[in-house]
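One file, coords_21.cif, is given below (mmCIF, C-alpha atoms).
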data_structure
loop_
_atom_site.label_atom_id
_atom_site.label_comp_id
_atom_site.auth_asym_id
_atom_site.auth_seq_id
_atom_site.Cartn_x
_atom_site.Cartn_y
_atom_site.Cartn_z
CA GLN A 1321 67.46 128.81 84.03
CA ALA A 1322 69.76 131.82 83.65
CA PRO A 1323 69.24 134.67 86.14
CA GLY A 1324 67.06 137.33 84.56
CA ALA A 1325 65.86 135.07 81.77
CA ALA A 1326 62.43 134.52 83.32
CA ALA A 1327 61.84 138.16 84.20
CA GLY A 1328 62.50 139.78 80.86
CA GLY A 1329 63.05 136.84 78.55
CA ARG A 1330 66.67 137.92 78.15
CA ALA A 1331 69.67 137.36 80.37
CA PRO A 1332 71.86 140.38 81.11
CA GLY A 1333 74.82 140.96 78.84
CA GLY A 1334 73.49 139.87 75.47
CA GLY A 1335 71.03 137.05 76.06
CA LEU A 1336 71.25 133.50 77.30
CA PHE A 1337 74.28 132.58 75.23
CA GLY A 1338 76.12 135.70 76.34
CA TRP A 1339 75.39 134.85 79.97
CA LEU A 1340 76.56 131.25 79.48
CA ARG A 1341 79.78 132.40 77.83
CA GLY A 1342 80.42 134.83 80.65
CA ARG A 1343 79.81 132.12 83.20
CA CYS A 1344 82.26 129.76 81.45
CA LEU A 1345 84.89 132.50 81.50
CA GLY A 1346 84.31 133.16 85.20
CA ARG A 1347 82.66 136.56 84.77
CA GLY A 1348 79.27 137.89 85.82
CA LEU A 1349 77.21 137.17 88.94
CA PHE A 1350 79.16 134.08 89.97
CA VAL A 1351 82.70 133.82 91.31
CA ASP A 1352 84.96 131.28 89.71
CA PRO A 1353 87.49 129.97 92.28
CA ALA A 1354 89.92 129.02 89.54
CA ARG A 1355 89.87 132.61 88.31
CA ASP A 1356 90.81 133.89 91.78
CA ASN A 1357 93.62 131.32 91.91
CA PHE A 1358 94.95 132.60 88.59
CA ARG A 1359 94.88 136.15 89.92
CA ALA A 1360 96.85 135.06 93.00
CA MET A 1361 99.40 133.28 90.81
CA THR A 1362 99.74 136.38 88.65
CA GLY A 1363 100.49 138.39 91.79
CA LEU A 1364 103.21 135.91 92.73
CA TYR A 1365 104.78 136.10 89.28
CA SER A 1366 104.90 139.89 89.44
CA SER A 1367 106.77 139.69 92.79
CA ILE A 1368 109.55 137.43 91.50
CA GLN A 1369 112.97 138.98 91.94
CA PRO A 1370 116.08 138.23 89.84
CA ALA A 1371 118.01 137.51 93.05
CA ASP A 1372 115.65 134.59 93.72
CA SER A 1373 116.74 132.74 90.59
CA VAL A 1374 118.73 129.50 90.75
CA TYR A 1375 121.51 128.98 88.23
CA LEU A 1376 121.70 125.50 86.73
CA SER A 1377 125.01 125.33 84.89
CA THR A 1378 125.06 123.11 81.81
CA ARG A 1379 128.83 123.48 81.45
CA THR A 1380 129.88 122.24 78.00
CA HIS A 1381 126.50 121.20 76.68
CA GLY A 1382 126.21 124.20 74.39
CA ALA A 1383 123.33 126.61 73.91
CA VAL A 1384 119.92 125.89 75.41
CA PHE A 1385 117.48 125.75 72.49
CA ASN A 1386 114.34 124.68 74.34
CA LEU A 1387 112.86 123.95 77.76
CA GLU A 1388 109.91 121.70 78.59
CA TYR A 1389 108.22 120.78 81.88
CA SER A 1390 106.41 117.49 82.38
CA PRO A 1391 102.62 117.98 82.68
CA ASP A 1392 102.77 117.48 86.47
CA GLY A 1393 105.67 119.93 86.80
CA SER A 1394 107.97 117.34 88.39
CA VAL A 1395 110.65 117.30 85.67
CA LEU A 1396 112.29 120.06 83.64
CA THR A 1397 113.96 118.90 80.40
CA VAL A 1398 116.54 120.94 78.50
CA ALA A 1399 117.28 120.59 74.77
CA CYS A 1400 120.95 121.41 74.17
CA GLU A 1401 123.03 122.34 71.16
CA GLN A 1402 125.65 119.63 71.75
CA THR A 1403 123.48 116.51 71.19
CA GLU A 1404 122.39 116.26 74.84
CA VAL A 1405 119.21 116.41 76.88
CA LEU A 1406 119.37 117.45 80.55
CA LEU A 1407 116.80 116.59 83.20
CA PHE A 1408 116.31 118.58 86.42
CA ASP A 1409 114.03 118.44 89.42
CA PRO A 1410 112.64 122.00 89.27
CA ILE A 1411 111.44 121.93 92.89
CA SER A 1412 114.80 121.07 94.48
CA SER A 1413 116.85 122.48 91.57
CA LYS A 1414 118.77 119.21 91.43
CA HIS A 1415 120.24 117.67 88.32
CA ILE A 1416 118.63 114.27 87.65
CA LYS A 1417 120.32 112.91 84.54
CA THR A 1418 122.11 113.80 81.33
CA LEU A 1419 121.25 111.96 78.12
CA SER A 1420 124.74 112.46 76.74
CA GLU A 1421 124.08 111.09 73.24
CA ALA A 1422 120.38 111.69 72.86
CA HIS A 1423 120.97 112.54 69.19
CA GLU A 1424 123.82 112.91 66.73
CA ASP A 1425 123.26 116.65 66.23
CA CYS A 1426 121.56 119.63 67.91
CA VAL A 1427 118.49 118.80 70.00
CA ASN A 1428 115.83 121.31 69.02
CA ASN A 1429 112.60 120.53 70.83
CA ILE A 1430 111.08 118.32 73.53
CA ARG A 1431 107.43 117.35 73.98
CA PHE A 1432 105.86 115.30 76.76
CA LEU A 1433 103.19 112.83 75.70
CA ASP A 1434 102.20 112.21 79.34
CA ASN A 1435 103.95 112.37 82.72
CA ARG A 1436 106.49 109.69 81.79
CA LEU A 1437 106.86 109.57 77.99
CA PHE A 1438 108.50 112.38 76.02
CA ALA A 1439 109.81 112.94 72.50
CA THR A 1440 112.88 114.82 71.30
CA CYS A 1441 113.75 116.00 67.80
CA SER A 1442 117.07 116.95 66.26
CA ASP A 1443 119.04 118.28 63.34
CA ASP A 1444 120.04 114.66 62.72
CA THR A 1445 116.55 114.37 61.05
CA THR A 1446 115.20 111.93 63.67
CA ILE A 1447 112.70 111.95 66.53
CA ALA A 1448 113.37 109.87 69.65
CA LEU A 1449 110.86 108.60 72.23
CA TRP A 1450 111.96 108.29 75.87
CA ASP A 1451 110.51 106.86 79.07
CA LEU A 1452 111.41 108.58 82.37
CA ARG A 1453 111.39 105.16 84.06
CA LYS A 1454 114.14 103.81 81.79
CA LEU A 1455 116.37 106.55 80.44
CA ASN A 1456 119.35 104.35 79.60
CA THR A 1457 117.90 103.55 76.18
CA LYS A 1458 115.41 105.12 73.81
CA VAL A 1459 111.97 103.62 73.45
CA CYS A 1460 112.44 103.97 69.69
CA THR A 1461 113.82 106.26 67.00
CA LEU A 1462 111.57 107.65 64.27
CA HIS A 1463 112.90 108.14 60.74
CA GLY A 1464 110.95 110.02 58.07
CA HIS A 1465 112.20 113.60 57.78
CA THR A 1466 114.97 114.50 55.32
CA SER A 1467 116.18 117.68 57.03
CA TRP A 1468 116.41 119.23 60.49
CA VAL A 1469 113.37 118.46 62.66
CA LYS A 1470 112.35 121.55 64.61
CA ASN A 1471 108.94 121.03 66.18
CA ILE A 1472 106.84 118.36 67.93
CA GLU A 1473 103.13 118.44 68.78
CA TYR A 1474 100.89 115.76 70.27
CA ASP A 1475 97.16 115.07 70.00
CA THR A 1476 96.17 113.42 73.30
CA ASN A 1477 92.78 112.36 71.88
CA THR A 1478 94.10 110.30 68.98
CA ARG A 1479 97.62 109.70 70.40
CA LEU A 1480 99.11 110.97 67.17
CA LEU A 1481 102.53 112.64 67.26
CA VAL A 1482 102.94 115.51 64.79
CA THR A 1483 106.38 116.76 63.74
CA SER A 1484 107.67 119.40 61.34
CA GLY A 1485 111.07 120.18 59.90
CA PHE A 1486 113.06 122.29 57.50
CA ASP A 1487 112.28 119.79 54.74
CA GLY A 1488 108.88 121.52 54.68
CA ASN A 1489 107.04 118.38 55.78
CA VAL A 1490 104.51 117.87 58.56
CA ILE A 1491 104.52 114.16 59.43
CA ILE A 1492 101.98 112.20 61.51
CA TRP A 1493 103.21 109.30 63.69
CA ASP A 1494 100.81 106.72 65.11
CA THR A 1495 102.09 106.09 68.66
CA ASN A 1496 99.24 103.58 69.17
CA ARG A 1497 101.23 101.14 67.03
CA CYS A 1498 104.71 102.04 68.19
CA THR A 1499 107.38 99.29 68.34
CA GLU A 1500 111.12 99.24 68.91
CA GLU A 1501 111.49 99.69 65.15
CA GLY A 1502 109.48 102.91 65.17
CA CYS A 1503 105.93 104.07 64.45
CA PRO A 1504 103.79 103.98 61.30
CA HIS A 1505 103.85 107.43 59.75
CA LYS A 1506 102.58 109.46 56.82
CA LYS A 1507 103.31 112.83 55.29
CA PHE A 1508 100.37 115.05 56.19
CA PHE A 1509 101.25 118.44 54.71
CA HIS A 1510 104.05 120.22 52.88
CA THR A 1511 104.92 123.88 52.52
CA ARG A 1512 108.09 125.74 51.74
CA PHE A 1513 110.09 127.83 54.19
CA LEU A 1514 108.36 126.09 57.11
CA MET A 1515 109.56 127.36 60.50
CA ARG A 1516 107.16 126.30 63.28
CA MET A 1517 103.97 124.25 63.52
CA ARG A 1518 101.43 124.23 66.38
CA LEU A 1519 98.10 122.60 67.18
CA THR A 1520 95.40 124.52 69.03
CA PRO A 1521 94.55 123.06 72.48
CA ASP A 1522 91.44 121.34 71.10
CA CYS A 1523 93.36 120.19 67.98
CA SER A 1524 90.77 121.83 65.73
CA LYS A 1525 93.40 123.90 63.88
CA MET A 1526 97.01 123.61 62.80
CA LEU A 1527 99.08 126.79 62.49
CA ILE A 1528 102.29 126.89 60.47
CA SER A 1529 104.69 129.84 60.33
CA THR A 1530 107.21 130.42 57.57
CA SER A 1531 110.44 132.36 57.19
CA SER A 1532 108.86 134.23 54.26
CA GLY A 1533 106.30 135.88 56.54
CA TYR A 1534 103.27 133.71 55.80
CA LEU A 1535 101.10 132.14 58.48
CA LEU A 1536 99.11 129.10 57.34
CA ILE A 1537 96.02 127.88 59.19
CA LEU A 1538 94.42 124.50 58.54
CA HIS A 1539 90.82 124.76 59.78
CA ASP A 1540 88.56 121.92 60.95
CA LEU A 1541 91.63 119.75 61.29
CA ASP A 1542 91.45 116.04 60.54
CA LEU A 1543 94.84 114.42 61.16
CA THR A 1544 93.63 111.05 59.88
CA LYS A 1545 93.19 112.43 56.36
CA SER A 1546 96.20 112.53 54.07
CA LEU A 1547 96.71 115.77 52.18
CA GLU A 1548 98.34 115.57 48.79
CA VAL A 1549 99.71 118.72 47.21
CA GLY A 1550 96.85 120.71 45.72
CA SER A 1551 94.10 118.60 47.32
CA TYR A 1552 93.18 121.00 50.12
CA PRO A 1553 90.72 123.87 49.72
CA ILE A 1554 92.47 127.23 49.67
CA LEU A 1555 91.13 130.32 51.41
CA ARG A 1556 92.75 133.35 49.79
CA ALA A 1557 95.87 134.89 51.23
CA ARG A 1558 95.18 137.99 53.26
CA ARG A 1559 97.03 140.31 55.59
CA THR A 1560 95.78 140.28 59.17
CA THR A 1561 94.81 143.68 60.45
CA SER A 1562 94.03 145.66 63.56
CA SER A 1563 91.03 147.10 61.71
CA SER A 1564 88.67 145.60 59.16
CA ASP A 1565 89.39 147.83 56.17
CA SER A 1566 92.97 146.90 55.29
CA THR A 1567 93.58 145.17 52.00
CA ALA A 1568 95.40 141.99 51.16
CA THR A 1569 99.13 142.16 50.72
CA SER A 1570 102.14 139.92 50.60
CA SER A 1571 105.57 139.94 52.17
CA SER A 1572 108.96 139.95 50.52
CA GLY A 1573 111.25 137.02 50.09
CA PRO A 1574 112.68 134.67 52.69
CA ARG A 1575 115.94 134.73 54.57
CA ALA A 1576 118.08 132.30 56.50
CA VAL A 1577 116.95 131.80 60.10
CA GLY A 1578 117.51 128.98 62.55
CA SER A 1579 118.80 127.86 65.91
CA PRO A 1580 121.51 128.89 65.28
CA CYS A 1581 121.29 130.51 61.85
CA HIS A 1582 120.02 127.53 59.81
CA GLN A 1583 119.03 127.88 56.17
CA ASN A 1584 115.71 126.39 55.10
CA ASP A 1585 116.38 124.62 51.82
CA SER A 1586 112.81 124.70 50.51
CA GLY A 1587 111.59 127.03 47.79
CA PRO A 1588 108.97 129.78 48.00
CA LEU A 1589 105.28 129.19 48.65
CA SER A 1590 103.57 128.18 45.42
CA GLU A 1591 101.83 131.10 43.72
CA LYS A 1592 99.60 128.55 41.98
CA HIS A 1593 98.14 127.60 45.34
CA MET A 1594 98.02 131.19 46.53
CA SER A 1595 95.87 132.28 43.60
CA ARG A 1596 93.23 129.58 43.79
CA PRO A 1597 89.76 130.95 44.60
CA SER A 1598 88.07 130.29 47.89
CA GLN A 1599 86.07 127.06 47.97
CA ARG A 1600 84.31 128.01 51.16
CA GLU A 1601 80.56 128.29 50.65
CA GLY A 1602 79.00 128.97 54.03
CA GLY A 1603 81.19 126.51 55.93
CA SER A 1604 84.74 125.22 55.75
CA PRO A 1605 85.46 121.70 54.54
CA ARG A 1606 87.88 119.65 56.64
CA ASN A 1607 91.51 120.77 56.47
CA SER A 1608 90.72 123.95 54.55
CA LEU A 1609 93.80 126.15 54.26
CA GLU A 1610 93.95 129.85 55.05
CA VAL A 1611 97.09 131.79 54.11
CA LEU A 1612 97.79 135.03 55.99
CA THR A 1613 100.55 137.63 56.11
CA PRO A 1614 100.32 138.90 59.71
CA GLU A 1615 100.61 142.62 60.17
CA VAL A 1616 103.67 143.60 62.17
CA PRO A 1617 104.19 147.20 63.39
CA GLY A 1618 106.90 148.96 61.46
CA GLU A 1619 106.96 146.25 58.80
CA ARG A 1620 104.20 147.46 56.49
CA ASP A 1621 106.57 147.89 53.54
CA ARG A 1622 109.11 145.20 54.35
CA GLY A 1623 108.88 141.46 54.69
CA ASN A 1624 109.30 139.66 57.97
CA CYS A 1625 110.18 136.20 59.24
CA ILE A 1626 107.96 134.47 61.83
CA THR A 1627 110.57 132.78 64.00
CA SER A 1628 108.50 131.65 67.00
CA LEU A 1629 104.88 130.55 67.20
CA GLN A 1630 102.89 129.79 70.37
CA LEU A 1631 99.19 129.45 71.19
CA HIS A 1632 97.09 130.76 74.07
CA PRO A 1633 96.33 127.87 76.47
CA LYS A 1634 92.60 128.43 75.98
CA GLY A 1635 92.90 128.71 72.21
CA TRP A 1636 91.91 132.39 72.09
CA ALA A 1637 94.99 133.79 70.37
CA THR A 1638 98.35 133.10 68.80
CA LEU A 1639 101.66 134.59 69.91
CA LEU A 1640 104.32 135.36 67.30
CA ARG A 1641 107.91 136.52 67.42
CA CYS A 1642 108.71 138.27 64.15
CA SER A 1643 111.90 139.79 62.81
CA SER A 1644 112.40 141.90 59.72
CA ASN A 1645 114.18 140.55 56.67
CA THR A 1646 116.88 143.14 57.26
CA ASP A 1647 117.28 141.96 60.89
CA ASP A 1648 116.97 145.49 62.26
CA GLN A 1649 113.67 145.04 64.14
CA GLU A 1650 112.06 142.31 66.22
CA TRP A 1651 108.50 142.23 67.57
CA THR A 1652 106.31 140.13 69.85
CA CYS A 1653 102.71 140.18 68.61
CA VAL A 1654 99.40 138.75 69.84
CA TYR A 1655 96.63 137.95 67.35
CA GLU A 1656 93.08 137.14 68.47
CA PHE A 1657 91.23 134.33 66.71
CA GLN A 1658 88.08 135.63 65.03
CA GLU A 1659 85.73 132.69 64.72
CA GLY A 1660 82.66 132.31 62.55
CA ALA A 1661 81.79 132.65 58.89
CA PRO A 1662 82.84 135.71 56.89
CA VAL A 1663 80.28 138.43 56.19
CA ARG A 1664 79.89 137.20 52.62
CA PRO A 1665 80.38 133.50 51.79
CA VAL A 1666 82.55 134.44 48.80
CA SER A 1667 84.86 136.72 50.80
CA PRO A 1668 88.19 135.40 52.06
CA ARG A 1669 88.33 134.49 55.71
CA CYS A 1670 90.62 136.54 57.95
CA SER A 1671 90.79 134.59 61.19
CA LEU A 1672 93.36 136.67 63.08
CA ARG A 1673 93.35 140.25 64.33
CA LEU A 1674 96.38 142.00 65.79
CA THR A 1675 95.49 143.07 69.34
CA HIS A 1676 98.78 143.66 71.21
CA CYS A 1677 102.45 144.04 70.34
CA ILE A 1678 105.79 145.23 71.70
CA GLU A 1679 109.20 145.81 70.16
CA GLU A 1680 111.98 143.52 71.37
CA ALA A 1681 115.69 144.10 72.07
CA ASN A 1682 116.77 142.55 68.74
CA VAL A 1683 120.02 141.06 70.07
CA GLY A 1684 121.46 137.67 69.21
CA ARG A 1685 120.55 138.08 65.58
CA GLY A 1686 120.11 134.86 63.64
CA TYR A 1687 118.95 132.92 66.71
CA ILE A 1688 115.32 132.05 67.37
CA LYS A 1689 113.92 133.21 70.70
CA GLU A 1690 111.15 130.96 72.02
CA LEU A 1691 108.53 132.78 74.09
CA CYS A 1692 105.47 131.41 75.91
CA PHE A 1693 102.15 132.07 77.64
CA SER A 1694 101.64 131.45 81.36
CA PRO A 1695 99.39 128.44 82.16
CA ASP A 1696 96.40 130.76 82.71
CA GLY A 1697 97.14 132.81 79.57
CA ARG A 1698 97.32 136.12 81.47
CA MET A 1699 101.06 136.72 81.02
CA ILE A 1700 103.75 136.26 78.40
CA SER A 1701 107.38 135.45 79.13
CA SER A 1702 109.64 136.77 76.40
CA PRO A 1703 113.44 136.51 75.96
CA HIS A 1704 114.81 140.05 76.09
CA GLY A 1705 118.55 140.45 75.70
CA TYR A 1706 120.33 138.81 78.64
CA GLY A 1707 117.08 138.21 80.50
CA ILE A 1708 113.33 137.84 80.15
CA ARG A 1709 110.37 140.20 80.29
CA LEU A 1710 107.01 139.35 81.80
CA LEU A 1711 104.33 141.02 79.69
CA GLY A 1712 100.60 141.49 80.27
CA PHE A 1713 97.67 142.66 78.19
CA ASP A 1714 97.23 145.42 80.79
CA THR A 1715 98.97 146.40 84.02
CA GLN A 1716 96.53 144.25 86.07
CA CYS A 1717 97.36 141.10 84.05
CA SER A 1718 93.73 140.72 83.01
CA GLU A 1719 92.37 138.02 80.75
CA LEU A 1720 92.80 138.73 77.06
CA VAL A 1721 89.03 138.65 76.50
CA ASP A 1722 88.58 141.33 79.19
CA CYS A 1723 90.86 143.89 77.55
CA LEU A 1724 90.55 143.52 73.79
CA PRO A 1725 91.30 146.92 72.23
CA LYS A 1726 89.65 148.34 69.12
CA GLU A 1727 93.10 148.95 67.66
CA ALA A 1728 96.41 147.23 68.37
CA SER A 1729 97.78 148.26 71.77
CA PRO A 1730 101.20 147.82 73.36
CA LEU A 1731 101.81 144.89 75.68
CA GLN A 1732 102.51 146.09 79.23
CA GLU A 1733 105.82 145.22 80.88
CA ILE A 1734 105.14 143.70 84.32
CA ARG A 1735 108.71 142.80 85.30
CA SER A 1736 112.14 142.43 83.75
CA LEU A 1737 114.44 139.68 85.04
CA TYR A 1738 118.11 139.75 84.04
CA SER A 1739 120.30 136.94 85.35
CA HIS A 1740 122.21 135.55 82.35
CA ASN A 1741 125.58 136.49 80.93
CA ASP A 1742 124.55 135.72 77.36
CA VAL A 1743 121.54 136.09 75.05
CA VAL A 1744 118.44 134.25 76.31
CA LEU A 1745 116.99 131.93 73.66
CA THR A 1746 114.08 130.26 75.43
CA THR A 1747 111.78 130.57 78.42
CA LYS A 1748 108.97 128.48 79.92
CA PHE A 1749 106.39 128.70 82.73
CA SER A 1750 105.93 125.71 85.01
CA PRO A 1751 102.45 124.22 84.44
CA THR A 1752 101.88 123.60 88.16
CA HIS A 1753 104.18 125.83 90.25
CA CYS A 1754 104.95 129.54 90.38
CA GLN A 1755 108.21 129.15 88.52
CA ILE A 1756 109.75 130.33 85.27
CA ALA A 1757 112.77 128.79 83.54
CA SER A 1758 115.04 130.43 80.97
CA GLY A 1759 118.03 129.22 78.98
CA CYS A 1760 120.73 131.16 77.18
CA LEU A 1761 123.29 130.87 74.38
CA SER A 1762 126.16 129.96 76.72
CA GLY A 1763 124.20 127.03 78.20
CA ARG A 1764 122.99 128.32 81.56
CA VAL A 1765 119.48 127.58 82.81
CA SER A 1766 117.90 129.92 85.38
CA LEU A 1767 114.84 129.26 87.54
CA TYR A 1768 112.83 132.20 88.89
CA GLN A 1769 110.51 131.75 91.84
CA PRO A 1770 109.18 133.80 94.79
CA LYS A 1771 111.23 133.76 97.96
CA PHE A 1772 109.26 133.07 101.11
#
Translate the structure described by the file into structure tokens.
Amino acid sequence: QAPGAAAGGRAPGGGLFGWLRGRCLGRGLFVDPARDNFRAMTGLYSSIQPADSVYLSTRTHGAVFNLEYSPDGSVLTVACEQTEVLLFDPISSKHIKTLSEAHEDCVNNIRFLDNRLFATCSDDTTIALWDLRKLNTKVCTLHGHTSWVKNIEYDTNTRLLVTSGFDGNVIIWDTNRCTEEGCPHKKFFHTRFLMRMRLTPDCSKMLISTSSGYLLILHDLDLTKSLEVGSYPILRARRTTSSSDSTATSSSGPRAVGSPCHQNDSGPLSEKHMSRPSQREGGSPRNSLEVLTPEVPGERDRGNCITSLQLHPKGWATLLRCSSNTDDQEWTCVYEFQEGAPVRPVSPRCSLRLTHCIEEANVGRGYIKELCFSPDGRMISSPHGYGIRLLGFDTQCSELVDCLPKEASPLQEIRSLYSHNDVVLTTKFSPTHCQIASGCLSGRVSLYQPKF
């Protein structure tokens, strides 16, 4: 029984369910050891000095487009512009291996399926599966996209690999039936001007960002169900807000963006689909689609392009990097997920609310900068010019749910780390150690860690 429930029939802080939620989040009368560990890790991150970084030269491998740690933190993989994948031991800072011809074009993204299997995707339109125990050959190569493949996600429950590319397609691959010839696959979803696609940690939602400023959310996700064009319920397009009284709006047309400046060859989002009425009556059907135009400070009258999309590790929020269509402003924005049914069943859902934001350096125009949450979700690492910035929701690096503002507030800069001689394109926290990696346009990888 909850403390206080017997005495007054109500637990402190909003009843039994409020007390249970607080207990799950590590707040209230009980101390959560994991929470204290996160606070200690946050303190270590804030003490990192640029002089403590280790430079891992990639020589002639081209720009570093993406970084990915294995789940156990024992391997750091680097996706390079010049067809190669690099592997490092992040603890000893030693180079392990170079996959010199991993693909026939730029390697864009890497995703670990477990501690030994990982997938890479490329502008050569293919996805490759690799095994750390046998890196001389690929496990298999997956063919299905018709344009540059930019993003890989993985559902550990169903063992389905999910990829997206500039052909506008989201494709599902069944790794349960993978052979040397490839994996069975199906086209799951299509939209135009697709940039990035992510699954929430519990795989209950799929988020898709576009270069035309739209953010699409598939609710109550069912990856086993094929979606033909026009078959999914549409929840009306709406601009996300920092208050509840803003009206719906749309953004202006798309522009060319990529890594480097790649043109998406798809057309605009279908107005036919945008204008369909909401089919949500009290509860969402599976794979119901919500179309949003996220509010970005300073961009109320101009369109923007959502170039990077990440999700809070606990599924509480989404993190966006947005740039204006005129390329003169760039913002990092945090949007809280607002769960539950709308006030009126016939009203459009608006699942996201802008809570925090900060203006970025806006250098290296035309290149996508990949940012990320820390493993505990308390901090954000963001490429900023020739370095990275560590950002918090407040100066104490509190949990997002502990410092939600009534109106959008600025992200707080905890530290700035500058150690590159070129524009930083990507950054990543280690999932297990107090370490941050960053990669830049000239191909250098830097590791930041406390010095003891």
Given the file above and the PyMOL selection byres ((chain A and resi 1477-1492) around 10), which residues are selected, and can you give them as a PyMOL selection string? chain A and resi 1431+1433+1439+1441-1443+1445-1447+1464-1476+1493-1497+1503-1519+1522-1523+1528+1530+1543-1544+1546+1578+1582-1587
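Picture a line from CA of Tyr1534 (chain A) to CA of Leu1724 (chain A); it runs 24.1 Å.
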May I ask which of the residues A:Cys1760, A:Leu1711, A:Leu1449, A:Ile1411 is the closest one to Ile1688 (chain A), counting all atoms listed in the file?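 For Ile1688 (chain A), the nearest of the candidates is A:Cys1760.
Note that the spacing between CA of Cys1670 (chain A) and CA of Val1721 (chain A) amounts to 18.7 Å.
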Between CA of Glu1500 (chain A) and CA of His1415 (chain A), what distance in Å does the model show, to one decimal?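 Going from CA of Glu1500 (chain A) over to CA of His1415 (chain A), I get 28.3 Å.
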Expected selection from the PyMOL selection byres ((chain A and resi 1642-1657) around 7), given as a PyMOL selection string: chain A and resi 1575+1623-1627+1636-1641+1658-1659+1671-1680+1682+1685
Could you write those residues out with C-alpha atoms, as an mmCIF file, keeping the file's coordinate frame?
data_model
loop_
_atom_site.group_PDB
_atom_site.id
_atom_site.type_symbol
_atom_site.label_atom_id
_atom_site.label_comp_id
_atom_site.auth_asym_id
_atom_site.auth_seq_id
_atom_site.Cartn_x
_atom_site.Cartn_y
_atom_site.Cartn_z
ATOM 1 C CA ARG A 1575 115.940 134.730 54.570
ATOM 2 C CA GLY A 1623 108.880 141.460 54.690
ATOM 3 C CA ASN A 1624 109.300 139.660 57.970
ATOM 4 C CA CYS A 1625 110.180 136.200 59.240
ATOM 5 C CA ILE A 1626 107.960 134.470 61.830
ATOM 6 C CA THR A 1627 110.570 132.780 64.000
ATOM 7 C CA TRP A 1636 91.910 132.390 72.090
ATOM 8 C CA ALA A 1637 94.990 133.790 70.370
ATOM 9 C CA THR A 1638 98.350 133.100 68.800
ATOM 10 C CA LEU A 1639 101.660 134.590 69.910
ATOM 11 C CA LEU A 1640 104.320 135.360 67.300
ATOM 12 C CA ARG A 1641 107.910 136.520 67.420
ATOM 13 C CA GLN A 1658 88.080 135.630 65.030
ATOM 14 C CA GLU A 1659 85.730 132.690 64.720
ATOM 15 C CA SER A 1671 90.790 134.590 61.190
ATOM 16 C CA LEU A 1672 93.360 136.670 63.080
ATOM 17 C CA ARG A 1673 93.350 140.250 64.330
ATOM 18 C CA LEU A 1674 96.380 142.000 65.790
ATOM 19 C CA THR A 1675 95.490 143.070 69.340
ATOM 20 C CA HIS A 1676 98.780 143.660 71.210
ATOM 21 C CA CYS A 1677 102.450 144.040 70.340
ATOM 22 C CA ILE A 1678 105.790 145.230 71.700
ATOM 23 C CA GLU A 1679 109.200 145.810 70.160
ATOM 24 C CA GLU A 1680 111.980 143.520 71.370
ATOM 25 C CA ASN A 1682 116.770 142.550 68.740
ATOM 26 C CA ARG A 1685 120.550 138.080 65.580
#
Residues within 7 Å of region 1737-1753 of chain A, all atoms listed in the file, excluding chain neighbours under 6 positions, as a PyMOL selection string: chain A and resi 1370+1384-1389+1391-1393+1684+1688-1692+1694-1695+1701-1709+1759-1762
9 Å contact set for Asp1409 (chain A), all atoms listed in the file, chain neighbours under 3 positions out, as a short mmCIF file (atom, residue, chain, number, x, y, z; two decimals) with C-alpha atoms, in the coordinates of the input:
data_model
loop_
_atom_site.label_atom_id
_atom_site.label_comp_id
_atom_site.auth_asym_id
_atom_site.auth_seq_id
_atom_site.Cartn_x
_atom_site.Cartn_y
_atom_site.Cartn_z
CA GLY A 1393 105.67 119.93 86.80
CA SER A 1394 107.97 117.34 88.39
CA VAL A 1395 110.65 117.30 85.67
CA LEU A 1396 112.29 120.06 83.64
CA SER A 1412 114.80 121.07 94.48
CA SER A 1413 116.85 122.48 91.57
CA LYS A 1414 118.77 119.21 91.43
CA HIS A 1415 120.24 117.67 88.32
CA ILE A 1416 118.63 114.27 87.65
#
Counting all atoms listed in the file, which residue out of A:Thr1520, A:Asn1607, A:Ser1531, A:Ser1718 sits closest to Gln1630 (chain A)? A:Thr1520
